Amino acid sequence: MPVSSTRKKSASQTSRSKGGAPAGSRAKPTGKRARKLDVNVVMGASGSGKTTYVMNEIDRLKPSRLIVWDAKGEFADEGYAQTVGSVAELVRVVVAAGPSGAFKVAYRPKGTPAQVRRAFDLIATLAFEAKNLTFVAEELSEVCQGGQSDSAGWRKCITQGRTEGLTIYALSQRPALIDKNTLGNASLTRCGLLDWLPDAKLMAQKFRCKPEELLDMPELAFIQHTRGGITRGSMLS
């Protein structure tokens with residue numbers, strides 16, 4: 001007895017998945033999902049080379065769209081970005097640039113701790129919404145409380161920024177005081193000399209080393225972790 005056209009169609013459909021791909025095939029990351037995670041966490045005591053490392057990275061990568069949470073004013077002082085006087089002014093500059101226009105702006109936080117945290121959240125949210133930019137956050141511990149950040153904007157940056165084209169640099173002298181989601185989502189973690197044992201114990205877990213190695217590091221030495229492994233080096237070499 002001939003097979004009906006309806007039955008033929010049904011049999012054909014069984015060889016394909018619901019999305020139209022051949023049965024047994026697997027979806028692959030495409031478009032925004034194919035972008036690599038780019039969250040760089042840079043830790044170390046004062047003078048360990050954190051800011052110098054990030055400045056060298058900016059020199060190397062030459063981002064045309066840059067926002068700096070410039071806690072000490074160093075990025076503006078050394079010409080990497082232009083200081084804006086308020087969060088509102090920073091928003092105007094970024095919005096005026098549109099989705100692809102160039103800008104290099106720095107904001108130096110001021111006010112009470114609560115005001116500083118609020119400003120950070122607004123700027124992090126702006127960075128996420130603006131997309132396709134480099135966001136540098138200096139002294140991240142200053143906008144965290146008890147090792148956690150209540151900034152929804154920052155959480156979006158570090159957990160979803162990959163698909164929005166963000167390159168992030170998070171810096172701090174005290175890794176034990178920063179948001180642990182940041183450490184957990186890092187594609188690169190770099191650490192120089194640490195002064196406090198609690199900080200060294202935390203970072204030793206990441207680097208699979210003894211805390212003493214981090215407490216006794218030579219000047220401008222560093223240890224670095226990526227998904228490709230752990231390396232050691234010196235900024236003097």
# chains A, B, ... in the order shown; residues from 1 in each chain; ligands from 1

$ closest_atom_pairs --of "stretch 101-181 of chain A" --to "stretch 57-71 of chain A" --cutoff "9 Å" --atoms "only C-alpha atoms" --output "CSV"
residue,atom,partner,partner_atom,distance
A:Gly101,CA,A:Arg65,CA,7.4
A:Ala102,CA,A:Arg65,CA,5.1
A:Phe103,CA,A:Arg65,CA,4.9
A:Lys104,CA,A:Leu66,CA,4.6
A:Val105,CA,A:Ile67,CA,5.2
A:Ala106,CA,A:Val68,CA,4.5
A:Tyr107,CA,A:Trp69,CA,5.4
A:Arg108,CA,A:Asp70,CA,4.8
A:Pro109,CA,A:Ala71,CA,6.1
A:Lys110,CA,A:Ala71,CA,8.9
A:Phe120,CA,A:Trp69,CA,7.6
A:Ile123,CA,A:Trp69,CA,8.2
A:Ala127,CA,A:Ile67,CA,7.4
A:Asn132,CA,A:Arg65,CA,7.4
A:Leu133,CA,A:Arg65,CA,4.8
A:Thr134,CA,A:Leu66,CA,4.8
A:Phe135,CA,A:Ile67,CA,4.9
A:Val136,CA,A:Val68,CA,4.7
A:Ala137,CA,A:Trp69,CA,4.8
A:Glu138,CA,A:Ala71,CA,5.6
A:Glu139,CA,A:Ala71,CA,6.4
A:Leu140,CA,A:Ala71,CA,8.9
A:Glu142,CA,A:Ala71,CA,8.8

$ write_last_selection --atoms "C-alpha atoms" --output "mmCIF file, in the first residue's frame"
data_model
loop_
_atom_site.group_PDB
_atom_site.id
_atom_site.type_symbol
_atom_site.label_atom_id
_atom_site.label_comp_id
_atom_site.auth_asym_id
_atom_site.auth_seq_id
_atom_site.Cartn_x
_atom_site.Cartn_y
_atom_site.Cartn_z
ATOM 1 C CA GLY A 101 31.916 57.018 18.319
ATOM 2 C CA ALA A 102 35.217 57.471 20.141
ATOM 3 C CA PHE A 103 35.654 58.787 23.685
ATOM 4 C CA LYS A 104 38.196 58.462 26.486
ATOM 5 C CA VAL A 105 36.778 59.726 29.747
ATOM 6 C CA ALA A 106 37.731 59.377 33.400
ATOM 7 C CA TYR A 107 35.710 60.048 36.521
ATOM 8 C CA ARG A 108 37.383 60.589 39.881
ATOM 9 C CA PRO A 109 34.923 59.618 42.619
ATOM 10 C CA LYS A 110 34.006 61.983 45.406
ATOM 11 C CA PHE A 120 29.993 53.569 40.439
ATOM 12 C CA ILE A 123 28.833 54.398 35.473
ATOM 13 C CA ALA A 127 29.366 51.067 30.330
ATOM 14 C CA ASN A 132 31.918 47.836 22.733
ATOM 15 C CA LEU A 133 34.289 49.642 25.081
ATOM 16 C CA THR A 134 37.030 49.221 27.657
ATOM 17 C CA PHE A 135 36.056 49.838 31.282
ATOM 18 C CA VAL A 136 38.778 50.288 33.921
ATOM 19 C CA ALA A 137 37.740 50.155 37.589
ATOM 20 C CA GLU A 138 40.511 51.328 39.938
ATOM 21 C CA GLU A 139 40.468 50.383 43.634
ATOM 22 C CA LEU A 140 37.406 48.162 43.368
ATOM 23 C CA GLU A 142 36.281 51.034 47.742
#

$ select_by_dssp --residues "stretch 17-234 of chain A" --states "strand (DSSP E)" --output "number ranges by chain"
A: 39-43, 65-69, 82-84, 103-107, 133-137, 166-172, 188-191, 221-226, 229-234

$ residues_around --residues "A:Thr51" --least-positions-apart "3" --cutoff "8 Å" --atoms "only C-alpha atoms" --output "JSON, numbers by chain"
{"A": [54, 55, 171]}

$ closest_atom_pairs --of "stretch 47-99 of chain A" --to "stretch 181-199 of chain A" --cutoff "10 Å" --atoms "only C-alpha atoms" --output "CSV"
residue,atom,partner,partner_atom,distance
A:Gly47,CA,A:Leu193,CA,8.7
A:Ser48,CA,A:Gly192,CA,5.5
A:Gly49,CA,A:Gly192,CA,7.3
A:Lys50,CA,A:Gly192,CA,7.7
A:Tyr53,CA,A:Arg190,CA,9.7

$ closest_residue --among "A:Ser86, A:Ser234, A:Thr52, A:Gln205" --to "A:Ala221" --atoms "only C-alpha atoms"
A:Ser234

$ closest_atom_pairs --of "stretch 76-123 of chain A" --to "stretch 154-163 of chain A" --cutoff "12 Å" --atoms "only C-alpha atoms" --output "JSON lines"
{"residue": "A:Arg117", "atom": "CA", "partner": "A:Trp154", "partner_atom": "CA", "distance": 10.7}
{"residue": "A:Arg118", "atom": "CA", "partner": "A:Trp154", "partner_atom": "CA", "distance": 11.2}
{"residue": "A:Ala119", "atom": "CA", "partner": "A:Trp154", "partner_atom": "CA", "distance": 11.4}
{"residue": "A:Phe120", "atom": "CA", "partner": "A:Trp154", "partner_atom": "CA", "distance": 8.2}
{"residue": "A:Asp121", "atom": "CA", "partner": "A:Trp154", "partner_atom": "CA", "distance": 6.4}
{"residue": "A:Leu122", "atom": "CA", "partner": "A:Trp154", "partner_atom": "CA", "distance": 9.1}
{"residue": "A:Ile123", "atom": "CA", "partner": "A:Trp154", "partner_atom": "CA", "distance": 8.7}

$ atom_distance --atom1 "atom CA of A:Val41" --atom2 "atom CA of A:Gly146"
18.3 Å

$ atom_distance --atom1 "atom CA of A:Gln148" --atom2 "atom CA of A:Pro175"
11.1 Å

$ closest_residue --among "A:Ala130, A:Leu202, A:Met217, A:Ala96" --to "A:Ala45" --atoms "only C-alpha atoms"
A:Met217

$ select_by_dssp --residues "stretch 146-200 of chain A" --states "helix (DSSP H, G or I)" --output "PyMOL selection string"
chain A and resi 152-164+175-177+180-184+197-200

$ write_last_selection --atoms "C-alpha atoms" --output "compact mmCIF listing (two decimals), in the first residue's frame"
# COMPACT_ATOMS: atom_id res chain seq x y z
CA ALA A 152 23.65 45.69 39.49
CA GLY A 153 25.52 47.50 36.72
CA TRP A 154 28.84 45.95 37.72
CA ARG A 155 27.32 42.47 37.94
CA LYS A 156 26.03 42.87 34.39
CA CYS A 157 29.45 44.00 33.21
CA ILE A 158 31.29 40.99 34.60
CA THR A 159 28.66 38.34 33.92
CA GLN A 160 27.21 39.54 30.59
CA GLY A 161 29.82 41.95 29.27
CA ARG A 162 31.33 39.34 26.96
CA THR A 163 28.34 39.47 24.62
CA GLU A 164 28.27 43.27 24.73
CA PRO A 175 41.49 41.13 46.96
CA ALA A 176 39.79 39.85 50.12
CA LEU A 177 37.61 42.98 50.12
CA LYS A 180 33.95 37.51 44.72
CA ASN A 181 31.85 37.32 41.54
CA THR A 182 34.55 39.43 39.91
CA LEU A 183 37.27 36.93 40.86
CA GLY A 184 35.08 34.03 39.80
CA LEU A 197 47.82 37.30 54.93
CA PRO A 198 44.01 37.10 54.33
CA ASP A 199 44.57 38.50 50.83
CA ALA A 200 47.42 36.08 50.17

$ closest_residue --among "A:Thr167, A:Gln82, A:Gln115, A:Gln173" --to "A:Ser141" --atoms "only C-alpha atoms"
A:Gln173

$ closest_residue --among "A:Ser172, A:Val143, A:Val91, A:Arg232" --to "A:Thr112" --atoms "only C-alpha atoms"
A:Val143
